[in-house]
>>> print(open('data.cif').read())   # mmCIF, C-alpha atoms
data_my_file
loop_
_atom_site.label_atom_id
_atom_site.label_comp_id
_atom_site.auth_asym_id
_atom_site.auth_seq_id
_atom_site.Cartn_x
_atom_site.Cartn_y
_atom_site.Cartn_z
CA MET A 1 38.11 -30.92 59.81
CA LEU A 2 38.04 -31.58 56.07
CA VAL A 3 39.96 -28.37 55.36
CA VAL A 4 42.74 -29.32 57.80
CA LEU A 5 42.98 -32.84 56.37
CA MET A 6 43.09 -31.65 52.76
CA THR A 7 45.66 -29.00 53.63
CA SER A 8 47.95 -31.56 55.25
CA PHE A 9 47.75 -33.89 52.24
CA ALA A 10 48.41 -31.00 49.85
CA ALA A 11 51.41 -29.91 51.93
CA ASP A 12 52.88 -33.42 51.82
CA LYS A 13 52.60 -33.42 48.04
CA TRP A 14 53.91 -29.97 47.22
CA ILE A 15 56.20 -28.93 50.10
CA THR A 16 59.67 -30.46 50.21
CA ASN A 17 60.33 -32.71 53.20
CA ALA A 18 56.79 -32.25 54.58
CA GLN A 19 55.20 -35.21 56.37
CA LEU A 20 52.17 -33.64 58.01
CA SER A 21 49.20 -35.84 57.17
CA LEU A 22 50.32 -39.05 58.93
CA PRO A 23 50.91 -37.43 62.37
CA LEU A 24 47.60 -35.59 61.97
CA LEU A 25 45.61 -38.71 61.11
CA ILE A 26 47.14 -40.93 63.81
CA SER A 27 46.62 -38.28 66.48
CA ALA A 28 43.06 -37.49 65.37
CA VAL A 29 42.03 -41.16 65.40
CA CYS A 30 43.66 -41.81 68.78
CA ALA A 31 42.17 -38.66 70.32
CA THR A 32 38.70 -39.44 68.99
CA ALA A 33 38.85 -42.95 70.46
CA THR A 34 40.35 -41.81 73.77
CA ALA A 35 37.68 -39.15 74.21
CA ALA A 36 34.92 -41.61 73.28
CA LEU A 37 36.12 -43.96 76.01
CA GLY A 38 36.91 -41.27 78.56
CA ILE A 39 33.85 -39.01 78.40
CA PRO A 40 31.49 -41.63 79.92
CA LEU A 41 34.04 -42.04 82.73
CA LEU A 42 34.05 -38.27 83.36
CA ARG A 43 30.26 -38.40 83.50
CA ARG A 44 30.28 -41.27 86.00
CA LEU A 45 32.77 -39.35 88.14
CA LYS A 46 30.27 -36.45 88.14
CA MET A 47 32.73 -34.00 86.60
CA GLY A 48 29.92 -31.78 85.34
CA GLN A 49 30.64 -28.17 84.37
CA PHE A 50 29.21 -25.39 86.53
CA ILE A 51 27.94 -22.46 84.45
CA ARG A 52 28.50 -18.95 85.82
CA GLU A 53 25.25 -17.15 86.56
CA GLU A 54 26.36 -13.88 84.95
CA GLY A 55 26.93 -15.62 81.61
CA PRO A 56 24.39 -15.92 78.78
CA LYS A 57 21.17 -17.50 80.05
CA ALA A 58 21.11 -19.93 77.13
CA HIS A 59 24.25 -21.56 78.55
CA GLN A 60 22.51 -22.69 81.72
CA SER A 61 21.26 -25.74 79.84
CA LYS A 62 24.90 -26.86 79.47
CA ALA A 63 25.32 -27.31 83.21
CA GLY A 64 26.43 -30.83 84.04
CA THR A 65 28.25 -31.45 80.75
CA PRO A 66 31.51 -33.27 81.59
CA THR A 67 34.54 -30.99 81.74
CA MET A 68 38.31 -31.63 81.95
CA GLY A 69 38.14 -33.16 78.46
CA GLY A 70 41.62 -31.81 77.79
CA LEU A 71 42.89 -34.52 80.10
CA LEU A 72 41.80 -37.08 77.50
CA VAL A 73 43.36 -35.60 74.36
CA VAL A 74 46.29 -33.36 75.32
CA PRO A 75 48.49 -36.34 76.36
CA VAL A 76 47.68 -37.99 73.01
CA GLY A 77 49.03 -35.04 71.04
CA VAL A 78 51.99 -34.55 73.37
CA ILE A 79 53.12 -38.19 73.45
CA LEU A 80 52.80 -38.69 69.70
CA GLY A 81 54.45 -35.33 69.06
CA SER A 82 57.40 -36.21 71.28
CA LEU A 83 58.06 -39.33 69.19
CA ILE A 84 58.03 -37.50 65.86
CA THR A 85 61.81 -37.43 65.32
CA ARG A 86 65.01 -39.32 66.17
CA ASP A 87 67.25 -36.25 65.96
CA ALA A 88 68.85 -35.74 69.39
CA VAL A 89 68.54 -31.93 69.58
CA ALA A 90 65.02 -31.89 68.14
CA SER A 91 63.97 -34.63 70.56
CA GLN A 92 65.22 -32.57 73.50
CA GLN A 93 63.25 -29.57 72.27
CA LEU A 94 60.10 -31.65 71.88
CA LEU A 95 60.47 -33.11 75.36
CA CYS A 96 60.85 -29.62 76.81
CA LEU A 97 57.82 -28.46 74.84
CA ALA A 98 55.87 -31.51 76.00
CA ALA A 99 56.77 -30.75 79.62
CA LEU A 100 55.54 -27.16 79.26
CA THR A 101 52.26 -28.33 77.72
CA LEU A 102 51.66 -30.98 80.37
CA ALA A 103 52.56 -28.55 83.17
CA PHE A 104 49.88 -26.13 81.98
CA MET A 105 47.46 -29.03 81.58
CA LEU A 106 48.14 -29.91 85.22
CA ILE A 107 47.58 -26.31 86.33
CA GLY A 108 44.32 -26.23 84.41
CA GLY A 109 43.37 -29.58 85.91
CA ILE A 110 43.94 -28.26 89.43
CA ASP A 111 41.78 -25.24 88.58
CA ASP A 112 39.01 -27.41 87.12
CA TRP A 113 39.11 -29.85 90.03
CA SER A 114 38.95 -26.96 92.49
CA SER A 115 35.84 -25.67 90.71
CA LEU A 116 34.22 -29.09 90.84
CA THR A 117 34.90 -29.61 94.54
CA LYS A 118 33.65 -26.10 95.39
CA HIS A 119 30.51 -26.62 93.26
CA THR A 120 31.10 -23.26 91.61
CA ASN A 121 32.63 -21.85 88.42
CA ALA A 122 35.48 -20.30 90.46
CA GLY A 123 38.55 -22.50 90.89
CA LEU A 124 42.02 -21.30 91.79
CA THR A 125 42.47 -17.66 92.71
CA ALA A 126 43.76 -15.49 89.86
CA ARG A 127 46.98 -14.83 91.77
CA GLY A 128 47.58 -18.50 92.57
CA LYS A 129 46.89 -19.55 88.99
CA LEU A 130 49.21 -16.87 87.57
CA LEU A 131 51.97 -17.87 90.00
CA LEU A 132 51.84 -21.51 88.91
CA GLN A 133 51.81 -20.51 85.23
CA THR A 134 54.77 -18.18 85.76
CA MET A 135 56.79 -20.92 87.46
CA ALA A 136 56.14 -23.40 84.64
CA ALA A 137 56.89 -20.85 81.92
CA ALA A 138 60.06 -19.65 83.68
CA ALA A 139 61.33 -23.23 83.94
CA PHE A 140 60.75 -23.75 80.21
CA LEU A 141 62.53 -20.50 79.34
CA ALA A 142 65.44 -21.30 81.66
CA ILE A 143 66.03 -24.63 79.92
CA ALA A 144 65.68 -22.99 76.49
CA ALA A 145 68.18 -20.27 77.50
CA TRP A 146 70.66 -22.86 78.79
CA GLN A 147 70.42 -24.82 75.53
CA GLY A 148 70.45 -21.72 73.31
CA TRP A 149 67.20 -22.67 71.57
CA ILE A 150 65.55 -19.23 71.45
CA SER A 151 66.71 -16.44 69.16
CA ASN A 152 67.35 -12.97 70.60
CA SER A 153 65.53 -11.37 67.67
CA ILE A 154 62.03 -11.72 66.25
CA ALA A 155 61.76 -12.74 62.59
CA LEU A 156 59.40 -10.49 60.62
CA PRO A 157 58.11 -10.50 57.02
CA PHE A 158 60.21 -9.31 54.07
CA GLY A 159 63.47 -10.42 55.68
CA LEU A 160 63.21 -7.97 58.57
CA GLU A 161 64.21 -8.72 62.14
CA LEU A 162 63.51 -7.03 65.47
CA PRO A 163 66.58 -7.40 67.72
CA LEU A 164 65.62 -7.64 71.39
CA GLY A 165 68.68 -9.00 73.16
CA LEU A 166 67.89 -9.91 76.75
CA LEU A 167 64.36 -8.47 76.40
CA ILE A 168 63.37 -11.68 74.61
CA TRP A 169 63.12 -13.43 78.00
CA PRO A 170 60.51 -11.18 79.65
CA LEU A 171 58.71 -11.09 76.30
CA GLY A 172 58.80 -14.89 76.16
CA LEU A 173 57.31 -15.11 79.64
CA PHE A 174 54.59 -12.65 78.66
CA VAL A 175 53.80 -14.60 75.48
CA VAL A 176 53.35 -17.92 77.32
CA LEU A 177 51.13 -16.36 79.99
CA ALA A 178 49.13 -14.22 77.55
CA GLU A 179 48.59 -16.97 74.96
CA SER A 180 47.53 -19.59 77.50
CA ASN A 181 45.01 -17.23 79.06
CA ALA A 182 43.80 -16.07 75.63
CA THR A 183 42.98 -19.63 74.56
CA ASN A 184 41.34 -20.10 77.95
CA LEU A 185 39.05 -17.11 77.33
CA THR A 186 38.24 -18.38 73.83
CA ASP A 187 36.93 -21.66 75.22
CA GLY A 188 33.39 -20.42 75.81
CA LEU A 189 31.29 -21.93 73.01
CA ASP A 190 30.96 -25.50 71.75
CA GLY A 191 33.87 -26.25 69.41
CA LEU A 192 35.20 -22.70 69.32
CA ALA A 193 38.62 -23.14 70.93
CA SER A 194 39.20 -26.67 69.62
CA GLY A 195 38.43 -25.67 66.02
CA CYS A 196 40.47 -22.45 66.12
CA GLY A 197 43.32 -24.26 67.85
CA ALA A 198 43.46 -27.00 65.20
CA LEU A 199 43.62 -24.36 62.47
CA VAL A 200 46.37 -22.33 64.13
CA PHE A 201 48.50 -25.42 64.86
CA THR A 202 48.13 -26.41 61.20
CA GLY A 203 49.10 -22.91 60.08
CA LEU A 204 52.21 -22.92 62.26
CA ALA A 205 53.21 -26.31 60.87
CA LEU A 206 52.81 -25.08 57.28
CA GLN A 207 54.85 -21.91 57.81
CA LEU A 208 57.57 -23.93 59.53
CA MET A 209 57.87 -26.19 56.49
CA LEU A 210 57.76 -23.27 54.04
CA ARG A 211 60.72 -21.54 55.66
CA GLY A 212 64.30 -22.14 54.47
CA ASP A 213 66.63 -25.11 55.02
CA ASN A 214 63.88 -27.70 54.41
CA GLY A 215 61.83 -26.29 57.26
CA ASP A 216 61.56 -27.75 60.76
CA PRO A 217 59.92 -31.20 60.41
CA ALA A 218 60.11 -31.99 64.13
CA LEU A 219 58.23 -28.96 65.42
CA ALA A 220 55.89 -29.06 62.41
CA GLY A 221 55.09 -32.68 63.24
CA PHE A 222 54.41 -31.76 66.87
CA CYS A 223 52.02 -29.06 65.66
CA MET A 224 50.16 -31.59 63.53
CA THR A 225 49.79 -34.11 66.36
CA MET A 226 48.34 -31.31 68.50
CA ALA A 227 46.06 -30.26 65.63
CA GLY A 228 44.95 -33.89 65.31
CA ALA A 229 44.27 -34.10 69.04
CA TRP A 230 41.97 -31.08 68.87
CA LEU A 231 40.23 -32.36 65.75
CA GLY A 232 39.62 -35.63 67.58
CA PHE A 233 38.20 -33.71 70.52
CA LEU A 234 36.09 -31.58 68.17
CA VAL A 235 34.20 -34.73 67.17
CA HIS A 236 32.78 -34.73 70.72
CA ASN A 237 33.01 -30.99 71.44
CA ARG A 238 31.00 -29.63 68.50
CA ASN A 239 27.53 -28.31 69.22
CA PRO A 240 25.86 -29.77 71.22
CA ALA A 241 29.04 -30.61 73.10
CA ARG A 242 29.31 -33.97 74.83
CA ALA A 243 32.29 -32.64 76.82
CA PHE A 244 34.22 -29.44 77.46
CA MET A 245 38.02 -29.20 77.43
CA GLY A 246 38.06 -27.04 80.57
CA ASP A 247 41.11 -25.12 81.71
CA THR A 248 42.85 -28.50 81.53
CA GLY A 249 42.77 -28.27 77.75
CA SER A 250 42.65 -24.56 77.01
CA LEU A 251 45.71 -23.64 79.10
CA ALA A 252 47.67 -26.53 77.58
CA MET A 253 46.69 -25.40 74.08
CA GLY A 254 48.02 -21.88 74.61
CA ALA A 255 51.22 -23.13 76.25
CA ALA A 256 51.94 -25.47 73.33
CA LEU A 257 51.31 -22.73 70.76
CA SER A 258 53.56 -20.23 72.52
CA GLY A 259 56.26 -22.86 73.14
CA VAL A 260 56.37 -23.78 69.44
CA ALA A 261 56.47 -20.09 68.49
CA LEU A 262 59.38 -19.34 70.83
CA LEU A 263 61.46 -22.36 69.83
CA SER A 264 60.98 -21.71 66.11
CA ASN A 265 61.13 -17.89 66.09
CA SER A 266 57.49 -17.82 64.98
CA LEU A 267 56.09 -15.16 67.31
CA TRP A 268 54.97 -13.04 64.37
CA PRO A 269 53.08 -15.88 62.62
CA LEU A 270 51.44 -16.84 65.93
CA LEU A 271 50.32 -13.23 66.49
CA VAL A 272 48.70 -13.07 63.05
CA MET A 273 47.25 -16.59 62.89
CA GLY A 274 46.01 -16.46 66.47
CA GLY A 275 44.25 -13.15 65.93
CA VAL A 276 40.97 -14.55 67.26
CA PHE A 277 42.69 -15.46 70.54
CA VAL A 278 44.15 -11.95 70.71
CA ALA A 279 40.76 -10.35 70.03
CA GLU A 280 39.06 -12.46 72.71
CA SER A 281 41.67 -11.43 75.26
CA LEU A 282 41.64 -7.76 74.27
CA SER A 283 37.84 -7.64 74.52
CA VAL A 284 38.06 -8.65 78.18
CA ILE A 285 40.85 -6.15 78.91
CA ILE A 286 38.98 -3.30 77.22
CA GLN A 287 35.69 -4.18 78.89
CA VAL A 288 37.21 -4.24 82.37
CA TRP A 289 39.30 -1.09 81.85
CA VAL A 290 36.44 1.01 80.46
CA PHE A 291 34.04 -0.21 83.16
CA LYS A 292 36.46 0.72 85.94
CA ALA A 293 37.41 4.04 84.33
CA THR A 294 33.77 5.15 83.97
CA LYS A 295 32.39 3.67 87.18
CA GLY A 296 30.22 6.18 89.03
CA PRO A 297 29.06 6.48 92.65
CA ASP A 298 26.42 3.84 92.00
CA GLY A 299 29.14 1.32 91.15
CA GLN A 300 28.07 1.08 87.52
CA GLY A 301 30.24 1.91 84.52
CA ARG A 302 30.02 1.85 80.75
CA ARG A 303 30.54 -1.27 78.69
CA VAL A 304 32.03 -1.42 75.21
CA PHE A 305 30.68 -4.90 74.54
CA ARG A 306 27.38 -6.49 75.51
CA MET A 307 29.46 -9.10 77.30
CA ALA A 308 33.10 -10.19 77.17
CA PRO A 309 34.83 -12.28 75.85
CA LEU A 310 34.02 -11.24 72.30
CA HIS A 311 32.04 -14.35 71.31
CA HIS A 312 29.43 -13.54 73.98
CA HIS A 313 29.04 -10.04 72.49
CA PHE A 314 27.81 -11.53 69.22
CA GLU A 315 25.78 -14.18 71.00
CA LEU A 316 23.87 -11.58 73.06
CA GLY A 317 23.38 -9.57 69.89
CA GLY A 318 21.10 -12.29 68.60
CA THR A 319 23.56 -14.42 66.61
CA ASP A 320 23.09 -18.10 67.35
CA GLU A 321 26.02 -20.05 68.80
CA ARG A 322 25.96 -22.33 65.77
CA SER A 323 26.65 -19.28 63.59
CA VAL A 324 29.20 -17.56 65.84
CA VAL A 325 31.52 -20.57 66.06
CA PRO A 326 31.84 -21.26 62.28
CA ALA A 327 32.28 -17.51 61.71
CA PHE A 328 35.20 -17.45 64.13
CA TRP A 329 36.62 -20.55 62.43
CA LEU A 330 36.43 -18.78 59.05
CA VAL A 331 38.14 -15.70 60.46
CA THR A 332 40.89 -17.91 61.89
CA ALA A 333 41.30 -19.69 58.56
CA GLY A 334 41.65 -16.30 56.85
CA LEU A 335 44.22 -15.18 59.42
CA VAL A 336 46.16 -18.41 58.91
CA LEU A 337 46.31 -17.68 55.18
CA LEU A 338 47.42 -14.12 55.92
CA GLY A 339 50.09 -15.44 58.28
CA LEU A 340 51.37 -17.78 55.59
CA MET A 341 51.60 -14.93 53.09
CA LEU A 342 53.37 -12.70 55.61
CA ARG A 343 55.59 -15.43 57.06
CA PRO A 344 59.20 -14.47 57.92
#
>>> encode(input="data.cif", output="structure tokens")
Amino acid sequence: MLVVLMTSFAADKWITNAQLSLPLLISAVCATATAALGIPLLRRLKMGQFIREEGPKAHQSKAGTPTMGGLLVVPVGVILGSLITRDAVASQQLLCLAALTLAFMLIGGIDDWSSLTKHTNAGLTARGKLLLQTMAAAAFLAIAAWQGWISNSIALPFGLELPLGLLIWPLGLFVVLAESNATNLTDGLDGLASGCGALVFTGLALQLMLRGDNGDPALAGFCMTMAGAWLGFLVHNRNPARAFMGDTGSLAMGAALSGVALLSNSLWPLLVMGGVFVAESLSVIIQVWVFKATKGPDGQGRRVFRMAPLHHHFELGGTDERSVVPAFWLVTAGLVLLGLMLRP
């Protein structure tokens, strides 16, 4: 939290036209207060998390911790972020981005609520969840295409570009779906997703302001209000967590990140800075693929990791949760620095 705050103040001092610290501070304070007031309400409504039996045994003690915490802080970041500028075009972009974020929050909320009513860790079916995500992402991309907000090429380091033409639209759909599910998979340990998310949002804001033409203050400001929202939630989500963000928060986080990246031609910085999210997602894909490919007559196959997603692999290897989470934060901070050095 201190690193993000110091970085925002330093950016305001040394980067032309940067105004990152005020949105961050206002959002963080509002999110902290909103969560403090809302978590007892979630507890009274008996919105306790169900822990999957096949997960690490140490997590069983977390059963009953209030979930759907994203419902308390995502609207804070979105509303404040939507008010960050008076420019007409930028305001339209922010409203579209806010709608995408809230749509994924709603999808996650339906999934979380379904889990709570079923008294199990399983909510929506994978197909139903993917269908709703696809519809929301397609609507966002359709509006962006109509307004001409998304470039047909991907900006790369050293002045390079990757022209895609019409392929940018299926790629954009893939990015929104993949990123939202990657942040969802990362949300498995106290403070892991919220801390990594705050760092990546801050990194995206910095690289937006460091790019030419005085940067993009509107989208950078939106990133900082979202970073502040997750820092505010981290106050309550750090180990031992008083609340979990649930799919309500994790899906919204990924949607907001991918939306910012698409609108600002920052897919490359997001790929680098969000490397932890990518690794978490890849660990699940590899684990499932290898298990199915090597499955024998007894129904058992080989496993690359002790357990997927990746954070559980280290946890089952004997590394305490309180060590895994800061380690992943440090890796994310390093990837953010790398992304800034290799920014387009």
>>> residues_around(input="data.cif", residues="A:Leu71", least_positions_apart="2", cutoff="12 Å", atoms="all atoms listed in the file", output="ChimeraX atom specification")
/A:31,34-35,38-39,41-42,66-69,73-78,101-110,112-113,229-230,233,243-253
>>> atom_distance(input="data.cif", atom1="atom CA of A:Leu97", atom2="atom CA of A:Ala255")
8.6 Å
>>> resolve_selection(input="data.cif", expression="the PyMOL selection byres ((chain A and resi 186-191) around 10)", output="compact mmCIF listing (two decimals) with C-alpha atoms, in the coordinates of the input")
# COMPACT_ATOMS: atom_id res chain seq x y z
CA GLY A 55 26.93 -15.62 81.61
CA HIS A 59 24.25 -21.56 78.55
CA LYS A 62 24.90 -26.86 79.47
CA ASN A 181 45.01 -17.23 79.06
CA ALA A 182 43.80 -16.07 75.63
CA THR A 183 42.98 -19.63 74.56
CA ASN A 184 41.34 -20.10 77.95
CA LEU A 185 39.05 -17.11 77.33
CA LEU A 192 35.20 -22.70 69.32
CA ALA A 193 38.62 -23.14 70.93
CA SER A 194 39.20 -26.67 69.62
CA GLY A 195 38.43 -25.67 66.02
CA CYS A 196 40.47 -22.45 66.12
CA GLY A 197 43.32 -24.26 67.85
CA TRP A 230 41.97 -31.08 68.87
CA LEU A 231 40.23 -32.36 65.75
CA PHE A 233 38.20 -33.71 70.52
CA LEU A 234 36.09 -31.58 68.17
CA VAL A 235 34.20 -34.73 67.17
CA HIS A 236 32.78 -34.73 70.72
CA ASN A 237 33.01 -30.99 71.44
CA ARG A 238 31.00 -29.63 68.50
CA ASN A 239 27.53 -28.31 69.22
CA PRO A 240 25.86 -29.77 71.22
CA ALA A 241 29.04 -30.61 73.10
CA ARG A 242 29.31 -33.97 74.83
CA ALA A 243 32.29 -32.64 76.82
CA PHE A 244 34.22 -29.44 77.46
CA MET A 245 38.02 -29.20 77.43
CA GLY A 246 38.06 -27.04 80.57
CA ASP A 247 41.11 -25.12 81.71
CA GLY A 249 42.77 -28.27 77.75
CA SER A 250 42.65 -24.56 77.01
CA LEU A 251 45.71 -23.64 79.10
CA VAL A 276 40.97 -14.55 67.26
CA PHE A 277 42.69 -15.46 70.54
CA VAL A 278 44.15 -11.95 70.71
CA ALA A 279 40.76 -10.35 70.03
CA GLU A 280 39.06 -12.46 72.71
CA SER A 281 41.67 -11.43 75.26
CA PRO A 309 34.83 -12.28 75.85
CA LEU A 310 34.02 -11.24 72.30
CA HIS A 311 32.04 -14.35 71.31
CA HIS A 312 29.43 -13.54 73.98
CA GLU A 315 25.78 -14.18 71.00
CA GLU A 321 26.02 -20.05 68.80
CA ARG A 322 25.96 -22.33 65.77
CA VAL A 324 29.20 -17.56 65.84
CA VAL A 325 31.52 -20.57 66.06
CA PRO A 326 31.84 -21.26 62.28
CA TRP A 329 36.62 -20.55 62.43
>>> atom_distance(input="data.cif", atom1="atom CA of A:Glu179", atom2="atom CA of A:Ala327")
21.0 Å
>>> residues_around(input="data.cif", residues="A:Leu210", least_positions_apart="6", cutoff="9 Å", atoms="only C-alpha atoms", output="PyMOL selection string")
chain A and resi 15-16+216+340+343
>>> write_last_selection(input="data.cif", atoms="C-alpha atoms", output="short mmCIF file (atom, residue, chain, number, x, y, z; two decimals), in the coordinates of the input")
data_model
loop_
_atom_site.label_atom_id
_atom_site.label_comp_id
_atom_site.auth_asym_id
_atom_site.auth_seq_id
_atom_site.Cartn_x
_atom_site.Cartn_y
_atom_site.Cartn_z
CA ILE A 15 56.20 -28.93 50.10
CA THR A 16 59.67 -30.46 50.21
CA ASP A 216 61.56 -27.75 60.76
CA LEU A 340 51.37 -17.78 55.59
CA ARG A 343 55.59 -15.43 57.06
#
